[in-house]
Amino acid sequence: HQQQSMILVPRDAPGVNILRPLAVFGEEHDHAEIIFENVRIPASNMLLGEGKGFEIAQGRLGPGRIHHCMRSIGQAELALAAIVDRVHRRKAFGKILAEKDTIRTAIAEARISLTKVRQLCYLAAVMADEHGFKAAKSYIGMIKVAAPRAAIAIIDEAIQIHGAHGVSQDSGLSALYAHVRSMSIGDGPDVVHLMLIAKEELAKGGGAIGRAVSGTNANVEKYGKFSHVEGGALYVNGTQKASKL
């Protein structure tokens, strides 16, 4: 964690070659493909000090992830607002869409989902404020997975309700989808956060409550019909399993 450093490199420094802007879903943004060829800059351009790059990055990632989730929730609200507007204006088979049960169900599900992730986002922020970002990392991981997932589902439903109009240049839904979809990758893909959450849960080990609910079939050992499986040791002895987490 002390092998990286952050350095400010002027755009016009000799040896800096900006090849092209990089696009997300075909839209160019503020990222670029750059070649650094023998670029020399003053040592004073180093941020915070040598070996502090990881510390700087992690200092931004905690609040940055929560901020991304807040934005994802806001964009999902925009998609839900678009649904409500559309169904009040659009008719199908002689009735406005707002009168159809399937549409009302979709709207209700979207509001339930948004309310849940908003509360989880608030919880992650409170945990970070009161206990620090290291202690809050599992909560941040949870919302980093949950918020974009919920937003993507709501935006996708909005596109579906809008039909072909929803993917046309006359609607802002396709831009919302492109941005929120990338949030499941940026600042750590979902699988990284899922592994962190699972690791913390597994580290709690077994317990009397879990054992009581899970239960044990005594006949497995009594009659030995599975003695050929796993060398006759289907279960690990004791309530705790020593594992490399």
# chains A, B, ... in the order shown; residues from 1 in each chain; ligands from 1
>>> select_by_dssp(residues="segment 14-107 of chain A", states="alpha helix (DSSP H)", output="PyMOL selection string")
chain A and resi 53-89+101-107
>>> select_by_dssp(residues="segment 29-231 of chain A", states="strand (DSSP E or B)", output="list of chain:residue names")
A:His29, A:Asp30, A:His31, A:Ala32, A:Glu33, A:Ile34, A:Ile35, A:Phe36, A:Met46, A:Lys91, A:Ala92, A:Lys95, A:Ile96
>>> write_last_selection(atoms="N, CA, C and O atoms", output="CSV table (one decimal), in the first residue's frame")
chain,number,residue,atom,x,y,z
A,29,HIS,N,-16.4,11.4,-22.8
A,29,HIS,CA,-16.5,12.2,-21.6
A,29,HIS,C,-15.1,12.8,-21.3
A,29,HIS,O,-14.4,13.1,-22.2
A,30,ASP,N,-14.7,12.9,-20.0
A,30,ASP,CA,-13.5,13.6,-19.6
A,30,ASP,C,-12.3,12.6,-19.3
A,30,ASP,O,-11.4,13.0,-18.7
A,31,HIS,N,-12.5,11.4,-19.8
A,31,HIS,CA,-11.4,10.4,-19.6
A,31,HIS,C,-10.7,10.3,-21.0
A,31,HIS,O,-11.3,10.5,-22.0
A,32,ALA,N,-9.4,9.9,-20.9
A,32,ALA,CA,-8.6,9.9,-22.2
A,32,ALA,C,-7.6,8.8,-22.1
A,32,ALA,O,-7.2,8.3,-21.1
A,33,GLU,N,-7.2,8.3,-23.3
A,33,GLU,CA,-6.1,7.4,-23.5
A,33,GLU,C,-4.8,8.2,-23.7
A,33,GLU,O,-4.7,9.0,-24.7
A,34,ILE,N,-3.8,8.1,-22.8
A,34,ILE,CA,-2.6,8.9,-22.8
A,34,ILE,C,-1.4,8.1,-22.7
A,34,ILE,O,-1.3,7.1,-22.0
A,35,ILE,N,-0.4,8.5,-23.5
A,35,ILE,CA,1.0,7.9,-23.4
A,35,ILE,C,1.9,8.9,-22.8
A,35,ILE,O,2.0,10.1,-23.1
A,36,PHE,N,2.6,8.4,-21.8
A,36,PHE,CA,3.7,9.2,-21.1
A,36,PHE,C,5.0,8.6,-21.5
A,36,PHE,O,5.4,7.5,-21.2
A,46,MET,N,4.7,16.0,-6.5
A,46,MET,CA,4.2,14.8,-5.8
A,46,MET,C,3.2,15.3,-4.8
A,46,MET,O,3.5,16.2,-4.0
A,91,LYS,N,-52.1,7.0,-24.0
A,91,LYS,CA,-53.3,6.1,-24.0
A,91,LYS,C,-52.9,4.8,-24.7
A,91,LYS,O,-52.1,4.8,-25.6
A,92,ALA,N,-53.6,3.7,-24.3
A,92,ALA,CA,-53.4,2.4,-25.0
A,92,ALA,C,-54.8,1.7,-24.8
A,92,ALA,O,-55.3,1.6,-23.7
A,95,LYS,N,-57.6,3.6,-22.9
A,95,LYS,CA,-57.4,4.1,-21.5
A,95,LYS,C,-56.0,4.6,-21.3
A,95,LYS,O,-55.0,4.2,-21.9
A,96,ILE,N,-55.9,5.6,-20.4
A,96,ILE,CA,-54.6,6.1,-20.1
A,96,ILE,C,-53.8,5.1,-19.3
A,96,ILE,O,-54.4,4.3,-18.6
>>> residues_around(residues="segment 38-41 of chain A", least_positions_apart="4", cutoff="8 Å", atoms="only C-alpha atoms", output="VMD selection string")
chain A and resid 9 13 to 16 45
>>> atom_distance(atom1="atom CA of Ile83 of chain A", atom2="atom CA of Ala158 of chain A")
5.5 Å
>>> closest_residue(among="A:Val24, A:Ala43, A:Ser72, A:Ile7", to="Ile56 of chain A", atoms="only C-alpha atoms")
A:Ile7
>>> residues_around(residues="Ile152 of chain A", least_positions_apart="4", cutoff="7 Å", atoms="only C-alpha atoms", output="list in words")
Pro148, Asp156, Tyr177, Val180 and Arg181 of chain A
>>> write_last_selection(atoms="N, CA, C and O atoms", output="mmCIF file, in the first residue's frame")
data_model
loop_
_atom_site.group_PDB
_atom_site.id
_atom_site.type_symbol
_atom_site.label_atom_id
_atom_site.label_comp_id
_atom_site.auth_asym_id
_atom_site.auth_seq_id
_atom_site.Cartn_x
_atom_site.Cartn_y
_atom_site.Cartn_z
ATOM 1 N N PRO A 148 -27.007 1.330 -7.512
ATOM 2 C CA PRO A 148 -27.035 1.222 -8.980
ATOM 3 C C PRO A 148 -27.968 0.124 -9.478
ATOM 4 O O PRO A 148 -28.638 0.301 -10.497
ATOM 5 N N ASP A 156 -34.690 0.990 -16.497
ATOM 6 C CA ASP A 156 -35.060 -0.001 -17.508
ATOM 7 C C ASP A 156 -36.580 -0.117 -17.620
ATOM 8 O O ASP A 156 -37.138 -0.202 -18.723
ATOM 9 N N TYR A 177 -29.589 5.667 -18.342
ATOM 10 C CA TYR A 177 -29.206 4.254 -18.272
ATOM 11 C C TYR A 177 -27.698 4.095 -18.460
ATOM 12 O O TYR A 177 -27.046 3.370 -17.711
ATOM 13 N N VAL A 180 -25.833 5.323 -15.207
ATOM 14 C CA VAL A 180 -26.022 4.502 -14.009
ATOM 15 C C VAL A 180 -25.448 3.105 -14.208
ATOM 16 O O VAL A 180 -24.901 2.517 -13.272
ATOM 17 N N ARG A 181 -25.540 2.571 -15.418
ATOM 18 C CA ARG A 181 -24.990 1.238 -15.667
ATOM 19 C C ARG A 181 -23.498 1.195 -15.389
ATOM 20 O O ARG A 181 -22.963 0.204 -14.872
#
>>> atom_distance(atom1="atom CA of Gln2 of chain A", atom2="atom CA of Gly53 of chain A")
7.4 Å
>>> atom_distance(atom1="atom CA of Thr102 of chain A", atom2="atom CA of Arg149 of chain A")
21.2 Å
>>> residues_around(residues="Gln3 of chain A", least_positions_apart="4", cutoff="12 Å", atoms="only C-alpha atoms", output="ChimeraX atom specification")
/A:49-55
>>> write_last_selection(atoms="C-alpha atoms", output="short mmCIF file (atom, residue, chain, number, x, y, z; two decimals), in the first residue's frame")
data_model
loop_
_atom_site.label_atom_id
_atom_site.label_comp_id
_atom_site.auth_asym_id
_atom_site.auth_seq_id
_atom_site.Cartn_x
_atom_site.Cartn_y
_atom_site.Cartn_z
CA GLY A 49 4.56 12.56 -0.24
CA GLU A 50 6.18 9.43 -1.65
CA GLY A 51 4.13 6.27 -1.18
CA LYS A 52 0.95 8.16 -0.30
CA GLY A 53 -0.93 7.41 -3.52
CA PHE A 54 -3.04 4.58 -2.12
CA GLU A 55 -3.90 6.61 0.96
#
>>> closest_residue(among="A:Ala79, A:Ala150, A:Leu196, A:Leu176", to="Val117 of chain A", atoms="only C-alpha atoms")
A:Ala150
>>> closest_residue(among="A:Ala124, A:Leu80, A:Leu173, A:Ala164", to="Ala146 of chain A", atoms="only C-alpha atoms")
A:Ala124
>>> closest_residue(among="A:Ile161, A:Leu22, A:Ile66, A:Val126", to="Val87 of chain A", atoms="only C-alpha atoms")
A:Ile161
>>> closest_residue(among="A:His88, A:His68, A:Cys121, A:Ile154", to="Glu109 of chain A", atoms="only C-alpha atoms")
A:Ile154
>>> closest_residue(among="A:His1, A:Glu99, A:Ala212, A:Glu221", to="Ala57 of chain A", atoms="only C-alpha atoms")
A:His1
